[in-house]
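Data file: coords_18.cif. Format and content: mmCIF, C-alpha atoms.
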data_final
loop_
_atom_site.label_atom_id
_atom_site.label_comp_id
_atom_site.auth_asym_id
_atom_site.auth_seq_id
_atom_site.Cartn_x
_atom_site.Cartn_y
_atom_site.Cartn_z
CA MET A 965 -112.23 -73.69 319.35
CA ASN A 966 -111.08 -71.64 316.38
CA THR A 967 -107.57 -70.49 317.33
CA PRO A 968 -105.87 -68.96 314.26
CA LEU A 969 -103.46 -67.02 316.53
CA LYS A 970 -102.21 -70.04 318.44
CA GLY A 971 -98.47 -69.64 319.03
CA ARG A 972 -98.58 -65.85 318.57
CA VAL A 973 -97.50 -63.46 321.31
CA VAL A 974 -99.39 -60.21 321.81
CA LEU A 975 -98.87 -57.10 323.89
CA VAL A 976 -101.99 -55.02 324.46
CA ALA A 977 -100.79 -51.77 326.01
CA GLY A 978 -103.75 -50.19 327.77
CA ALA A 979 -105.94 -53.25 328.31
CA THR A 980 -107.71 -52.30 331.52
CA ARG A 981 -111.10 -51.46 330.03
CA GLY A 982 -112.96 -50.43 326.90
CA CYS A 983 -111.53 -51.38 323.53
CA GLY A 984 -108.19 -52.39 325.00
CA ARG A 985 -109.81 -54.99 327.22
CA ALA A 986 -112.04 -56.28 324.41
CA ILE A 987 -109.15 -56.51 321.97
CA ALA A 988 -107.06 -58.39 324.53
CA VAL A 989 -109.89 -60.82 325.23
CA HIS A 990 -110.61 -61.57 321.58
CA LEU A 991 -106.95 -61.99 320.69
CA GLY A 992 -106.74 -64.45 323.58
CA LEU A 993 -109.86 -66.23 322.36
CA ALA A 994 -108.17 -66.61 318.99
CA GLY A 995 -105.31 -68.47 320.66
CA ALA A 996 -102.71 -65.77 321.27
CA THR A 997 -100.67 -65.44 324.45
CA VAL A 998 -101.60 -61.97 325.70
CA TYR A 999 -99.67 -59.57 327.90
CA ALA A 1000 -102.27 -57.07 329.13
CA THR A 1001 -100.93 -53.87 330.67
CA GLY A 1002 -102.37 -50.89 332.49
CA ARG A 1003 -102.05 -48.74 335.59
CA THR A 1004 -105.14 -49.81 337.54
CA THR A 1005 -104.80 -52.95 339.63
CA ARG A 1006 -106.73 -54.34 342.56
CA VAL A 1007 -104.52 -52.33 344.90
CA LYS A 1008 -103.93 -49.17 342.89
CA GLN A 1009 -106.03 -46.85 340.70
CA SER A 1010 -104.99 -44.56 337.87
CA GLU A 1011 -106.26 -41.02 337.33
CA MET A 1012 -109.29 -42.49 335.55
CA SER A 1013 -110.70 -43.49 338.97
CA ARG A 1014 -112.44 -46.47 337.44
CA PRO A 1015 -113.02 -49.88 339.09
CA GLU A 1016 -111.83 -52.04 336.17
CA THR A 1017 -108.43 -53.69 336.66
CA ILE A 1018 -105.85 -55.40 334.51
CA GLU A 1019 -106.20 -58.53 336.64
CA GLU A 1020 -109.86 -58.72 335.61
CA THR A 1021 -108.86 -58.45 331.97
CA ALA A 1022 -106.45 -61.36 332.31
CA GLU A 1023 -109.10 -63.40 334.13
CA LEU A 1024 -111.59 -62.81 331.32
CA ILE A 1025 -109.05 -64.16 328.84
CA THR A 1026 -108.17 -67.24 330.89
CA ALA A 1027 -111.84 -67.95 331.66
CA ALA A 1028 -112.43 -68.08 327.92
CA GLY A 1029 -109.61 -70.58 327.49
CA GLY A 1030 -106.81 -68.19 326.57
CA THR A 1031 -103.42 -67.44 328.10
CA ALA A 1032 -102.87 -64.04 329.69
CA TYR A 1033 -100.47 -62.12 331.87
CA ALA A 1034 -101.56 -58.94 333.66
CA VAL A 1035 -98.65 -56.53 334.05
CA GLU A 1036 -98.84 -53.18 335.83
CA VAL A 1037 -97.05 -50.69 333.57
CA ASP A 1038 -97.05 -46.91 333.32
CA HIS A 1039 -96.27 -46.42 329.64
CA LEU A 1040 -94.96 -42.93 330.32
CA VAL A 1041 -92.04 -44.44 332.23
CA PRO A 1042 -89.47 -45.68 329.69
CA GLU A 1043 -87.79 -47.98 332.20
CA GLN A 1044 -91.04 -49.80 332.89
CA VAL A 1045 -91.78 -50.30 329.20
CA GLU A 1046 -88.22 -51.45 328.53
CA ALA A 1047 -88.49 -53.97 331.38
CA LEU A 1048 -91.83 -55.21 330.04
CA VAL A 1049 -90.40 -55.88 326.58
CA ALA A 1050 -87.36 -57.57 328.12
CA ARG A 1051 -89.71 -59.84 330.06
CA ILE A 1052 -91.63 -60.78 326.91
CA ARG A 1053 -88.34 -61.47 325.11
CA ASP A 1054 -87.09 -63.66 327.98
CA GLU A 1055 -90.36 -65.55 328.47
CA GLN A 1056 -91.56 -65.90 324.86
CA GLY A 1057 -88.65 -65.05 322.59
CA ARG A 1058 -90.92 -63.18 320.21
CA LEU A 1059 -93.61 -60.52 319.82
CA ASP A 1060 -96.08 -60.87 316.97
CA VAL A 1061 -98.69 -58.18 317.66
CA LEU A 1062 -98.44 -54.87 319.50
CA VAL A 1063 -101.66 -53.00 320.26
CA ASN A 1064 -101.17 -49.41 321.40
CA ASP A 1065 -104.43 -48.53 323.13
CA ILE A 1066 -103.07 -46.31 325.91
CA TRP A 1067 -105.22 -43.28 326.67
CA GLY A 1068 -106.57 -42.09 330.03
CA GLY A 1069 -106.93 -38.47 328.92
CA ASP A 1070 -110.68 -38.02 329.42
CA PRO A 1071 -110.43 -36.45 332.91
CA PHE A 1072 -108.29 -33.65 331.47
CA SER A 1073 -110.38 -32.58 328.49
CA GLU A 1074 -112.19 -29.22 328.57
CA TRP A 1075 -114.64 -29.25 325.68
CA ASP A 1076 -116.09 -25.78 326.08
CA LYS A 1077 -112.84 -23.86 326.22
CA PRO A 1078 -110.51 -22.62 323.45
CA LEU A 1079 -106.79 -23.29 323.75
CA TRP A 1080 -106.01 -19.98 325.46
CA GLU A 1081 -108.53 -20.71 328.22
CA HIS A 1082 -107.77 -24.42 328.57
CA ASP A 1083 -105.79 -25.47 331.63
CA LEU A 1084 -102.34 -25.92 330.11
CA GLY A 1085 -101.26 -28.57 332.59
CA LYS A 1086 -104.32 -30.68 331.81
CA GLY A 1087 -103.80 -30.27 328.08
CA LEU A 1088 -100.15 -31.29 328.21
CA ARG A 1089 -101.11 -34.26 330.37
CA MET A 1090 -103.45 -35.39 327.59
CA LEU A 1091 -100.58 -35.21 325.11
CA ASP A 1092 -98.43 -37.26 327.46
CA LEU A 1093 -101.07 -39.93 328.01
CA GLY A 1094 -102.32 -40.11 324.45
CA LEU A 1095 -99.15 -39.65 322.40
CA ARG A 1096 -95.94 -40.03 324.40
CA THR A 1097 -97.15 -43.37 325.75
CA HIS A 1098 -97.61 -44.73 322.24
CA ILE A 1099 -94.23 -43.45 321.08
CA ILE A 1100 -92.37 -44.81 324.09
CA THR A 1101 -94.05 -48.20 323.77
CA SER A 1102 -93.34 -48.50 320.07
CA HIS A 1103 -89.74 -47.41 320.59
CA TYR A 1104 -89.04 -50.32 322.91
CA ALA A 1105 -91.39 -52.98 321.51
CA LEU A 1106 -90.92 -52.67 317.77
CA GLY A 1107 -87.34 -53.95 317.88
CA LEU A 1108 -88.66 -57.29 319.13
CA LEU A 1109 -91.73 -57.25 316.89
CA SER A 1110 -89.67 -56.51 313.77
CA ALA A 1111 -87.19 -59.29 314.47
CA ARG A 1112 -89.22 -61.55 312.19
CA PRO A 1113 -91.44 -60.73 309.20
CA GLY A 1114 -95.18 -60.65 309.69
CA GLY A 1115 -95.35 -58.55 312.85
CA LEU A 1116 -98.40 -56.34 313.27
CA LEU A 1117 -98.69 -53.00 315.07
CA ILE A 1118 -102.20 -51.70 315.78
CA GLU A 1119 -102.73 -48.09 316.85
CA VAL A 1120 -106.10 -47.43 318.46
CA THR A 1121 -107.58 -43.96 318.08
CA ASP A 1122 -110.96 -42.23 317.86
CA GLY A 1123 -112.03 -41.33 314.34
CA THR A 1124 -110.98 -42.30 310.85
CA ALA A 1125 -108.28 -40.29 309.10
CA GLU A 1126 -110.97 -38.76 306.89
CA PHE A 1127 -113.19 -37.74 309.80
CA ASN A 1128 -110.26 -36.38 311.80
CA ARG A 1129 -109.40 -33.92 309.05
CA ALA A 1130 -112.12 -31.77 310.61
CA TYR A 1131 -111.63 -30.19 314.04
CA ARG A 1132 -112.79 -32.48 316.85
CA GLY A 1133 -113.94 -29.64 319.11
CA GLU A 1134 -111.22 -29.68 321.78
CA PHE A 1135 -107.67 -28.63 320.93
CA PHE A 1136 -105.71 -31.27 322.83
CA TYR A 1137 -108.15 -34.09 322.15
CA ASP A 1138 -108.09 -33.21 318.46
CA LEU A 1139 -104.30 -33.18 318.41
CA VAL A 1140 -104.01 -36.57 320.10
CA LYS A 1141 -106.58 -38.45 318.04
CA ALA A 1142 -105.56 -37.02 314.66
CA SER A 1143 -101.90 -37.63 315.49
CA ILE A 1144 -102.54 -41.34 316.07
CA ASN A 1145 -103.79 -41.58 312.49
CA ARG A 1146 -100.48 -40.07 311.41
CA ILE A 1147 -98.44 -42.29 313.74
CA ALA A 1148 -100.04 -45.38 312.18
CA MET A 1149 -99.19 -44.10 308.72
CA ALA A 1150 -95.58 -43.26 309.61
CA GLN A 1151 -94.93 -46.54 311.39
CA GLY A 1152 -96.52 -48.33 308.47
CA GLU A 1153 -93.86 -46.86 306.19
CA GLU A 1154 -91.03 -47.89 308.51
CA LEU A 1155 -92.28 -51.38 309.31
CA ALA A 1156 -92.95 -52.22 305.67
CA LYS A 1157 -89.18 -52.15 305.11
CA VAL A 1158 -88.78 -55.12 307.46
CA GLY A 1159 -91.82 -57.09 306.35
CA CYS A 1160 -94.15 -55.91 309.11
CA VAL A 1161 -97.39 -53.93 309.14
CA ALA A 1162 -98.81 -50.96 311.06
CA VAL A 1163 -102.52 -50.18 310.99
CA GLY A 1164 -104.75 -47.74 312.85
CA VAL A 1165 -108.18 -48.78 314.10
CA THR A 1166 -111.09 -46.88 315.60
CA PRO A 1167 -114.36 -47.83 317.21
CA GLY A 1168 -117.50 -45.91 316.39
CA PHE A 1169 -119.70 -44.54 319.18
CA LEU A 1170 -118.36 -46.80 321.90
CA ARG A 1171 -120.38 -48.21 324.77
CA SER A 1172 -117.42 -48.33 327.11
CA GLU A 1173 -117.89 -49.01 330.79
CA ALA A 1174 -117.52 -45.30 331.50
CA MET A 1175 -120.03 -44.34 328.80
CA LEU A 1176 -122.63 -46.76 330.14
CA ASP A 1177 -122.14 -45.35 333.63
CA HIS A 1178 -122.39 -41.80 332.29
CA PHE A 1179 -125.82 -42.50 330.83
CA GLY A 1180 -126.97 -44.63 333.76
CA VAL A 1181 -127.52 -47.78 331.72
CA THR A 1182 -125.98 -51.22 331.36
CA GLU A 1183 -124.99 -53.21 328.30
CA ALA A 1184 -128.36 -54.97 328.60
CA THR A 1185 -130.37 -51.72 328.83
CA TRP A 1186 -128.26 -49.36 326.73
CA ARG A 1187 -131.06 -48.50 324.31
CA ASP A 1188 -132.86 -46.72 327.14
CA ALA A 1189 -130.25 -43.95 326.81
CA ALA A 1190 -131.00 -43.22 323.16
CA GLY A 1191 -133.32 -40.31 322.50
CA PRO A 1192 -133.51 -36.64 321.48
CA ASP A 1193 -130.91 -35.64 324.07
CA ASN A 1194 -128.57 -38.38 322.87
CA PRO A 1195 -129.72 -39.21 319.33
CA HIS A 1196 -126.59 -40.90 318.01
CA PHE A 1197 -126.37 -43.42 320.85
CA SER A 1198 -128.79 -45.69 319.00
CA LEU A 1199 -125.91 -46.36 316.60
CA SER A 1200 -123.43 -47.17 319.36
CA GLU A 1201 -121.44 -50.38 319.60
CA SER A 1202 -119.97 -52.63 322.25
CA PRO A 1203 -116.19 -52.86 322.74
CA ALA A 1204 -116.41 -56.48 321.58
CA TYR A 1205 -117.21 -55.29 318.06
CA LEU A 1206 -113.77 -53.76 317.56
CA GLY A 1207 -112.19 -56.62 319.50
CA ARG A 1208 -113.59 -59.15 317.05
CA GLY A 1209 -112.48 -57.08 314.07
CA VAL A 1210 -108.95 -56.69 315.38
CA ALA A 1211 -108.67 -60.43 316.08
CA ALA A 1212 -109.69 -61.14 312.50
CA LEU A 1213 -107.21 -58.56 311.21
CA ALA A 1214 -104.40 -60.12 313.26
CA ALA A 1215 -105.17 -63.53 311.73
CA ASP A 1216 -105.23 -62.19 308.16
CA PRO A 1217 -102.08 -63.21 306.24
CA ASP A 1218 -102.78 -60.35 303.83
CA ALA A 1219 -103.11 -57.60 306.46
CA ALA A 1220 -100.38 -55.63 304.67
CA ARG A 1221 -102.98 -54.40 302.19
CA PHE A 1222 -104.17 -52.05 304.95
CA ALA A 1223 -100.72 -50.76 305.93
CA GLY A 1224 -100.80 -47.19 307.22
CA GLN A 1225 -104.58 -46.88 307.02
CA THR A 1226 -107.00 -46.31 309.89
CA LEU A 1227 -109.79 -48.86 309.74
CA SER A 1228 -113.11 -48.37 311.49
CA SER A 1229 -114.88 -51.14 313.35
CA GLY A 1230 -117.56 -50.97 310.66
CA ARG A 1231 -115.08 -51.52 307.88
CA LEU A 1232 -113.38 -54.37 309.74
CA ALA A 1233 -116.80 -55.97 310.20
CA LYS A 1234 -117.47 -55.84 306.48
CA GLU A 1235 -114.00 -57.09 305.58
CA TYR A 1236 -114.12 -60.05 307.94
CA ALA A 1237 -117.87 -60.73 308.33
CA VAL A 1238 -117.86 -60.14 312.08
CA VAL A 1239 -120.83 -58.75 313.99
CA ASP A 1240 -121.45 -56.94 317.25
CA THR A 1241 -122.89 -58.75 320.25
CA ASP A 1242 -126.44 -58.08 319.03
CA GLY A 1243 -125.72 -59.59 315.61
CA THR A 1244 -125.64 -56.26 313.74
CA ARG A 1245 -122.85 -54.34 311.99
CA PRO A 1246 -123.07 -50.67 313.07
CA ASP A 1247 -121.05 -48.23 310.98
CA PHE A 1248 -121.01 -44.95 312.86
CA TRP A 1249 -118.28 -43.30 310.75
CA ALA A 1250 -120.13 -44.04 307.51
CA TYR A 1251 -123.15 -42.38 309.09
CA ALA A 1252 -121.06 -39.42 310.30
CA ALA A 1253 -119.64 -38.87 306.82
CA VAL A 1254 -123.04 -37.95 305.38
CA ASN A 1255 -125.04 -36.69 308.37
CA ASP A 1256 -124.94 -33.72 310.73
CA LEU A 1257 -123.72 -34.86 314.13
CA GLU A 1258 -125.15 -31.66 315.64
CA SER A 1259 -128.65 -32.74 314.67
CA GLN A 1260 -131.04 -33.77 317.45
CA GLU A 1261 -132.94 -36.10 315.14
CA VAL A 1262 -132.92 -39.67 316.41
CA ILE A 1263 -131.12 -41.99 314.01
CA ASP A 1264 -132.92 -44.61 311.98
CA ASP A 1265 -130.26 -47.00 313.16
CA ALA A 1266 -131.48 -49.97 311.11
CA LYS A 1267 -130.19 -48.19 308.00
CA TRP A 1268 -126.66 -48.03 309.43
CA ARG A 1269 -126.40 -51.51 310.90
#

Mind turning this structure into C-alpha cells?
Amino acid sequence: MNTPLKGRVVLVAGATRGCGRAIAVHLGLAGATVYATGRTTRVKQSEMSRPETIEETAELITAAGGTAYAVEVDHLVPEQVEALVARIRDEQGRLDVLVNDIWGGDPFSEWDKPLWEHDLGKGLRMLDLGLRTHIITSHYALGLLSARPGGLLIEVTDGTAEFNRAYRGEFFYDLVKASINRIAMAQGEELAKVGCVAVGVTPGFLRSEAMLDHFGVTEATWRDAAGPDNPHFSLSESPAYLGRGVAALAADPDAARFAGQTLSSGRLAKEYAVVDTDGTRPDFWAYAAVNDLESQEVIDDAKWR
C-alpha cells in the first residue's frame, strides 16, 4: 500500500459525510492517523437529520487499512474543541494536518429571499455553523499544528476565490463561502511565519449523499438525474475526487507553493494526476468560468472531463 502520510496525525473537523468523510478516508488510506469529528453519531443526530455517522466514517478508514478515531464534537462549543485538541496532544504528541470542513448550514438557507425577508435566526445560524466553527477550531488546533514546521491547514469551501467574487444568490450562504476563501488566505499569511501552510479547497458540483437523495439516484445511477431540468449535473463529481486530491496535496513536500490559494478539485486533479471514481477529471469551475450557469442546455461533459 502506498502510504506517504504514515506517521502523520490528521484532524478532519466535519467528517460525517460528503467531502469531509471522503477526505478523512483518503488521508487514512495514505497512512495518516485520522481523528474524524462531527455531531451525528449512532445515538444522536444533528440538525442535518441525515443517517450518516462519524462512527461509519471511522469504520470506512479502518476497513481500508487506516487508523481512525471517531469523536463527537460540536465545533461551536470552545470547550469541546479545546478538549479534542488536548486529547490529540496527549495521545499523539503532534498534529500535522487540520481539515476544517464543518458546515451543516443547508437547512437554514432561503434561496428565494433577499436579506430583509430572510429569517434572521436561520441566517445567523448559518454564520455560526459555517464560520465560527472554523475560527474556533483553528484557534485551538493551530497551536499544536504550528509546533513543528510543515503543518498543513485545509479550509473546505464551495467555490474558487475567483468564482466567489460574484454573488452566490443567497446572502448568508454567499457570506460564508466567500469568507472561507479569505480565511484560508489570512491563515496562510500567519502560518507561513512558522513554516506551515494554509490552503483552501473546493469541490465542483458535488454528488454528496444528500444531493443523490435529493435527485432520487445513487452513485451507480447518478447520470439518470442529468437532463434539461438539471443540466449541469452531468459534470458532477463524487466526494472521493476531492478526497484523493487533498491526500495528494497533504503528501506534497512543496505544498507551500499554494499557500493562501483556494484550489478546486479539478486543479488538484491536474496537479497530482488523480481521477474521479469513473476515471475522469471533471472541472466544474473551469466550465463555470466561461459558461452561463443559468442555461438549460445540457453540458457536453466530455469536453470538461

Show me, as number ranges by chain, the residues that have an atom within 8 Å of stretch 1073-1088 of chain A when counting only C-alpha atoms, minus same-chain residues fewer than 4 positions from it. A: 1069, 1092, 1133-1137

For the structure provided, state which residues fall under the PyMOL selection byres ((chain A and resi 1241) around 9), and present them as a PyMOL selection string. chain A and resi 1201-1202+1204-1205+1239-1240+1242-1244

Under the rule that all atoms listed in the file are counted, which of A:His1178, A:Arg1245, A:Lys1234, A:Arg1089 is the nearest residue to A:Leu1213?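 Nearest to A:Leu1213: A:Lys1234.
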
Nearest to A:Ala1125 by atom-to-atom distance, counting only C-alpha atoms, from A:Leu1093, A:Met1175, A:Ala1253, A:Leu1108: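 With only C-alpha atoms as the atom set, the closest residue is A:Ala1253.
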
Calculate how many Å separate atom CA of A:Val973 from atom CA of A:Arg1171, rounding to one decimal. 27.7 Å

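If only C-alpha atoms are the atoms counted, then among A:Leu1257, A:Met1012, A:Val1007, A:Ala1000 the closest residue to A:His1196 is A:Leu1257.
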
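Considering all atoms listed in the file, the residue among A:Ala1219, A:Val998, A:Ile1052, A:Pro1015 positioned nearest to A:Gly1029 is A:Val998.
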
Box for stretch 1047-1066 of chain A: with edges along x, y and z, all listed atoms inside and 4 Å added on each side, what are the centre and edge lengths in Å to one decimal, as lines of an AutoDock Vina configuration file?
center_x = -95.8
center_y = -56.1
center_z = 324.2
size_x = 25.3
size_y = 27.6
size_z = 22.4

Atom-to-atom span, atom CA of A:Ala1148 and atom CA of A:Ala1162, Å: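 Computing the Euclidean distance for atom CA of A:Ala1148 and atom CA of A:Ala1162 yields 5.8 Å.
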
Would you pick out the contacts of stretch 1126-1131 of chain A at 9 Å or less, using only C-alpha atoms, so that residues sharing its chain but fewer than 6 positions from it are not included, and give the list as a ChimeraX atom specification? /A:1138,1141-1142,1145,1249,1252-1253

Name the closest residue to A:Ala1211 among the candidates A:Leu1232, A:Val1140, A:Ile1066, A:Ala1266; distances are taken between atoms, counting only C-alpha atoms.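 Once distances to A:Ala1211 are computed over only C-alpha atoms, the minimum belongs to A:Leu1232.
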
For A:Leu1040, the nearest of the candidates A:Met1149, A:Ile1100, A:Leu1117, A:Ala994, counting all atoms listed in the file: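 That would be A:Ile1100, the residue with the smallest distance to A:Leu1040.
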
Within 8 Å of stretch 1164-1168 of chain A, counting all atoms listed in the file, which residues qualify if same-chain residues fewer than 2 places away don't, as a PDB file with C-alpha atoms, in the coordinates of the input?
ATOM      1  CA  CYS A 983    -111.530 -51.380 323.530  1.00  0.00           C
ATOM      2  CA  ILE A1118    -102.200 -51.700 315.780  1.00  0.00           C
ATOM      3  CA  GLU A1119    -102.730 -48.090 316.850  1.00  0.00           C
ATOM      4  CA  VAL A1120    -106.100 -47.430 318.460  1.00  0.00           C
ATOM      5  CA  THR A1121    -107.580 -43.960 318.080  1.00  0.00           C
ATOM      6  CA  ASP A1122    -110.960 -42.230 317.860  1.00  0.00           C
ATOM      7  CA  GLY A1123    -112.030 -41.330 314.340  1.00  0.00           C
ATOM      8  CA  THR A1124    -110.980 -42.300 310.850  1.00  0.00           C
ATOM      9  CA  ILE A1144    -102.540 -41.340 316.070  1.00  0.00           C
ATOM     10  CA  ASN A1145    -103.790 -41.580 312.490  1.00  0.00           C
ATOM     11  CA  ALA A1148    -100.040 -45.380 312.180  1.00  0.00           C
ATOM     12  CA  MET A1149     -99.190 -44.100 308.720  1.00  0.00           C
ATOM     13  CA  ALA A1162     -98.810 -50.960 311.060  1.00  0.00           C
ATOM     14  CA  LEU A1170    -118.360 -46.800 321.900  1.00  0.00           C
ATOM     15  CA  SER A1200    -123.430 -47.170 319.360  1.00  0.00           C
ATOM     16  CA  GLU A1201    -121.440 -50.380 319.600  1.00  0.00           C
ATOM     17  CA  PRO A1203    -116.190 -52.860 322.740  1.00  0.00           C
ATOM     18  CA  LEU A1206    -113.770 -53.760 317.560  1.00  0.00           C
ATOM     19  CA  GLY A1224    -100.800 -47.190 307.220  1.00  0.00           C
ATOM     20  CA  GLN A1225    -104.580 -46.880 307.020  1.00  0.00           C
ATOM     21  CA  THR A1226    -107.000 -46.310 309.890  1.00  0.00           C
ATOM     22  CA  LEU A1227    -109.790 -48.860 309.740  1.00  0.00           C
ATOM     23  CA  SER A1228    -113.110 -48.370 311.490  1.00  0.00           C
ATOM     24  CA  SER A1229    -114.880 -51.140 313.350  1.00  0.00           C
ATOM     25  CA  GLY A1230    -117.560 -50.970 310.660  1.00  0.00           C
ATOM     26  CA  ASP A1247    -121.050 -48.230 310.980  1.00  0.00           C
ATOM     27  CA  PHE A1248    -121.010 -44.950 312.860  1.00  0.00           C
ATOM     28  CA  TRP A1249    -118.280 -43.300 310.750  1.00  0.00           C
TER      29      TRP A1249
END

Distance in Å - atom CA of A:His1098 versus atom CA of A:Val1063: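 Distance between the two atoms: 9.4 Å.
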
Around (-134.6, -44.2, 312.3), as given in the file, which residues come within 12 Å? Count all atoms listed in the file and list them as a PyMOL selection string. chain A and resi 1190-1192+1195-1199+1261-1269
